[in-house]
Structure formats: structure tokens, C-alpha cells
Amino acid sequence: MSDVPIKILVVDDDDFTAEMTGMFLEIAGYEAIIAIGGMDALDKIAIDPEIRLVLSDMNMPFMDGIQLFAELRGQGFTQPFVLLTGEESAPLKLAHPNLDAVLTKNEDLQDKLPELVAELLARC
């Protein structure tokens, strides 16, 4: 097994939230790459084929998380995609069943996020 951490792209329009989410992942042993917004995420994925999973905020200007997901799938990106939302996750998952996961940003995120990421990566 390699000692190189798995790269995860964290997409958010808020620097603080992106850094905090990245910190949760790094504590769990992953390498977090931060993208500020959907366009930055597309650029980072285009230059780094080793990104194994995308965590994206739902509500962002210019390109929301659903639009980013659709664009990535349209470009052939098949790695897991997790949508993070401040809203209830169940309605979003029902409305967009092709998403790998939808996770609510709440006080449990620090614990739930690494578990979900490990589960999704184990399926690949």
C-alpha cells in the first residue's frame, strides 16, 4: 500500500468553510485540495488526474454543486461526488439520485465526513 495520501477536492465559495472541511479530511489522512467555486474546481481537476473524490458545497455563485456535478459527469469524470449542504440532505438526494452522497453540514460533519469518504473510496 502506498504512503501517498488520497487526493480529495474540496469545493466551496467560502475560504474558511473550505479550509475547515479540508482540515477534517487531512486529520483522517487524506490530502485536501481546495477549490474556490466551481470554475476553480474544473481547472484543478483538469490538471490533476489523481483526484479521487470531490466534495462540493451546494450553494455557490456562478456554478452550484449540482451544476458542477453535471459538468464533471459530462466531461467523463467518474470519481465519487459528495454534495455538502446547509439544508436537509434527503430532498436533494431524492431530486438528484445520481449523486454518490449528500451530506448536511452540521455539528456531526467532522465525524461523518471521513467515514463517508472512506466508504465511497472503498467502492472504487
# chains A, B, ... in the order shown; residues from 1 in each chain; ligands from 1
>>> residues_around(residues="Phe77 in chain A", least_positions_apart="4", cutoff="12 Å", atoms="only C-alpha atoms", output="PDB file with C-alpha atoms, in the first residue's frame")
ATOM      1  CA  LEU A  42     -12.910  22.346 -13.078  1.00  0.00           C
ATOM      2  CA  ILE A  45      -9.480  18.527 -11.946  1.00  0.00           C
ATOM      3  CA  ALA A  46      -8.220  19.219 -15.467  1.00  0.00           C
ATOM      4  CA  ASP A  48      -4.644  16.746 -11.568  1.00  0.00           C
ATOM      5  CA  PRO A  49      -5.838  13.298 -12.676  1.00  0.00           C
ATOM      6  CA  GLU A  50      -5.057  11.870  -9.222  1.00  0.00           C
ATOM      7  CA  ILE A  51      -8.095  13.500  -7.570  1.00  0.00           C
ATOM      8  CA  ARG A  52     -10.133  10.560  -6.315  1.00  0.00           C
ATOM      9  CA  LEU A  53     -13.213  12.275  -4.870  1.00  0.00           C
ATOM     10  CA  VAL A  54     -14.961  15.663  -4.990  1.00  0.00           C
ATOM     11  CA  LEU A  68     -20.606  21.204 -11.117  1.00  0.00           C
ATOM     12  CA  PHE A  69     -21.613  17.552 -10.766  1.00  0.00           C
ATOM     13  CA  ALA A  70     -23.372  17.600 -14.158  1.00  0.00           C
ATOM     14  CA  GLU A  71     -20.416  19.305 -15.839  1.00  0.00           C
ATOM     15  CA  LEU A  72     -17.917  16.829 -14.394  1.00  0.00           C
ATOM     16  CA  ARG A  73     -20.003  13.823 -15.416  1.00  0.00           C
ATOM     17  CA  PHE A  81     -19.015  13.186  -5.839  1.00  0.00           C
TER      18      PHE A  81
END
>>> residues_around(residues="Gln110 in chain A", least_positions_apart="5", cutoff="9 Å", atoms="only C-alpha atoms", output="MDAnalysis selection string")
chainID A and resid 21 24:25
>>> write_last_selection(atoms="C-alpha atoms", output="mmCIF file, in the first residue's frame")
data_model
loop_
_atom_site.group_PDB
_atom_site.id
_atom_site.type_symbol
_atom_site.label_atom_id
_atom_site.label_comp_id
_atom_site.auth_asym_id
_atom_site.auth_seq_id
_atom_site.Cartn_x
_atom_site.Cartn_y
_atom_site.Cartn_z
ATOM 1 C CA THR A 21 -13.584 20.820 5.611
ATOM 2 C CA PHE A 24 -11.293 17.302 8.729
ATOM 3 C CA LEU A 25 -10.041 15.278 5.769
#
>>> closest_residue(among="A:Ile6, A:Val102, A:Gly65, A:Asp13", to="Leu121 in chain A", atoms="only C-alpha atoms")
A:Ile6
>>> closest_residue(among="A:Leu84, A:Leu99, A:Ala28, A:Ile66", to="Val10 in chain A", atoms="only C-alpha atoms")
A:Leu84
>>> atom_distance(atom1="CA of Thr85 in chain A", atom2="CA of Leu103 in chain A")
6.3 Å
>>> closest_residue(among="A:Ala101, A:Val11, A:Ile27, A:Ala18", to="Met39 in chain A", atoms="only C-alpha atoms")
A:Val11
